[in-house]
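Asker: Once you've had a glance at the structure underneath, I'll fire off some questions.
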Amino acid sequence: MKKGICCFLFAVLLSVQYLMPAKAADAEKEFEDILEEQLRSTIHYYSEDSFSVIDAYGMQGQVTKIVTPDDPQTSENEEETEEYSSHIGIVFLELEQKRDGLFIFKKKDFFYYDYDKNEFLTASNVLGNESIRDFFEMYADDIEKNITPFSKFLFLFFLSFIITVPLFIMIFHNRGQSKL
């Protein structure tokens, strides 16, 4: 009897293992499309389809939003906040920014997403959750924006070209000819 139950549970686990990755892959692809659209609309000079996810984390947590901001011209505090529980996703990713079609920068940054309301959040909305704060602190030192080595070489080449060409023109053009 125990052998039959064990075989049944093993079969159920195997079937769940093969069914769930398909649903997870579909959800992941859908989120990647949403994230791609967000990057296109909010990041200046974003090079399309250039992001790669370094790490991601999801949880059920508290979201804090400011509904009505405080009016600085009054002495009263009119700020109203809203707190609600939601499924939150945080993604640490690397993306490329392409300027003038020549210079490429690599940027690493965080993005926060509310799966229940289908909207992107700011860090101030979710960093009240301890586990999200821990995830943020784990990668906080890795947030950066750097120019790629080839782009740096190209920039230095153009800079040296701008400096050396006028210098050579001054040295070799009209070399001390006097008309007296």
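Following the order of the structure tokens, chains are lettered A, B, ..., residues in each are numbered from 1, and ligands are numbered from 1.
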At a cut-off of 12 Å, using only C-alpha atoms, what residues contact Gly61 of chain A? Leave out same-chain residues fewer than 2 positions from it and give the result as a list in words.

Answerer: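 Everything that qualifies: Tyr57, Gly58, Met59, Val63, Thr64, Glu83, Tyr84, Ser85, Ser86, His87, Ile88, Gly89, Ile90, Tyr113, Asp114, Tyr115, Asp116, Asn125, Val126, Leu127, Gly128, Asn129, Glu130, Ser131, Ile132 and Arg133 of chain A.
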
Asker: Select from segment 13-174 of chain A everything DSSP, run on the backbone, classes as alpha helix (DSSP H), then give the selection as an MDAnalysis selection string.

Answerer: chainID A and resid 13:42 123:126 130:139 149:172

Asker: One number please: atom CA of Asp134 of chain A to atom CA of Leu35 of chain A, in Å, one decimal.

Answerer: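 Distance between the two atoms: 22.4 Å.
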
Asker: Select, from A:Glu80, A:Glu32, A:Glu96, A:Asp71, the residue with the minimum atom-to-atom distance to Phe111 of chain A, counting only C-alpha atoms.

Answerer: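 For Phe111 of chain A, the nearest of the candidates is A:Glu32.
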
Asker: Please report the interatomic distance between atom CA of Thr81 of chain A and atom CA of Ala123 of chain A in Å with one decimal.

Answerer: 15.2 Å

Asker: Among segment 125-167 of chain A, which ones does DSSP place in strand (DSSP E), written as number ranges by chain?

Answerer: A: 144-147

Asker: Keeping only N, CA, C and O atoms, write the selected residues as a PDB file, in the first residue's frame.

Answerer:
```
ATOM      1  N   GLU A 144      25.357  50.951 -11.434  1.00  0.00           N
ATOM      2  CA  GLU A 144      26.387  51.725 -12.111  1.00  0.00           C
ATOM      3  C   GLU A 144      25.988  52.005 -13.552  1.00  0.00           C
ATOM      4  O   GLU A 144      25.048  51.412 -14.081  1.00  0.00           O
ATOM      5  N   LYS A 145      26.724  52.935 -14.137  1.00  0.00           N
ATOM      6  CA  LYS A 145      26.582  53.228 -15.557  1.00  0.00           C
ATOM      7  C   LYS A 145      27.975  53.484 -16.092  1.00  0.00           C
ATOM      8  O   LYS A 145      28.663  54.401 -15.631  1.00  0.00           O
ATOM      9  N   ASN A 146      28.423  52.643 -17.024  1.00  0.00           N
ATOM     10  CA  ASN A 146      29.781  52.725 -17.559  1.00  0.00           C
ATOM     11  C   ASN A 146      29.753  52.745 -19.070  1.00  0.00           C
ATOM     12  O   ASN A 146      28.914  52.089 -19.696  1.00  0.00           O
ATOM     13  N   ILE A 147      30.714  53.438 -19.638  1.00  0.00           N
ATOM     14  CA  ILE A 147      30.880  53.412 -21.087  1.00  0.00           C
ATOM     15  C   ILE A 147      31.632  52.128 -21.446  1.00  0.00           C
ATOM     16  O   ILE A 147      32.513  51.689 -20.703  1.00  0.00           O
TER      17      ILE A 147
END
```

Asker: Give me, as a compact mmCIF listing (two decimals) with N, CA and C atoms, in the first residue's frame, all polymer residues having an atom no more than 9 Å from Ile54 of chain A, counting only C-alpha atoms and skipping those fewer than 3 positions away in the same chain.

Answerer:
```
# COMPACT_ATOMS: atom_id res chain seq x y z
N VAL A 91 13.25 43.53 -9.95
CA VAL A 91 14.18 43.01 -10.94
C VAL A 91 15.43 43.88 -10.93
N PHE A 92 16.58 43.24 -10.84
CA PHE A 92 17.86 43.94 -11.01
C PHE A 92 18.37 43.55 -12.38
N LEU A 93 18.55 44.54 -13.25
CA LEU A 93 18.90 44.22 -14.63
C LEU A 93 19.98 45.13 -15.16
N GLU A 94 20.54 44.71 -16.29
CA GLU A 94 21.53 45.49 -17.01
C GLU A 94 20.97 45.82 -18.38
N LYS A 108 23.14 49.43 -14.88
CA LYS A 108 22.48 48.45 -14.02
C LYS A 108 21.54 49.19 -13.10
```

Asker: Return as a tab-separated table the residues of segment 117-177 of chain A lying at most 12 Å from segment 37-41 of chain A, together with the closest atom-to-atom pair for each and the distance in Å to one decimal, counting only C-alpha atoms, with rows in chain order and ascending residue number.

Answerer:
```
residue	atom	partner	partner_atom	distance
A:Asn118	CA	A:Gln38	CA	11.7
A:Glu119	CA	A:Gln38	CA	9.7
A:Phe120	CA	A:Gln38	CA	8.3
A:Leu121	CA	A:Gln38	CA	11.4
```

Asker: Could you jot down the atom CA of Phe155 of chain A to atom CA of Glu48 of chain A separation for me, Å, one decimal place?

Answerer: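 Distance reported for this atom pair: 22.6 Å.
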
Asker: Under the rule that only C-alpha atoms are counted, which of A:Phe158, A:Phe136, A:Lys152, A:Thr164 is the nearest residue to Asp55 of chain A?

Answerer: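 The answer is A:Phe136, which sits nearest to Asp55 of chain A.
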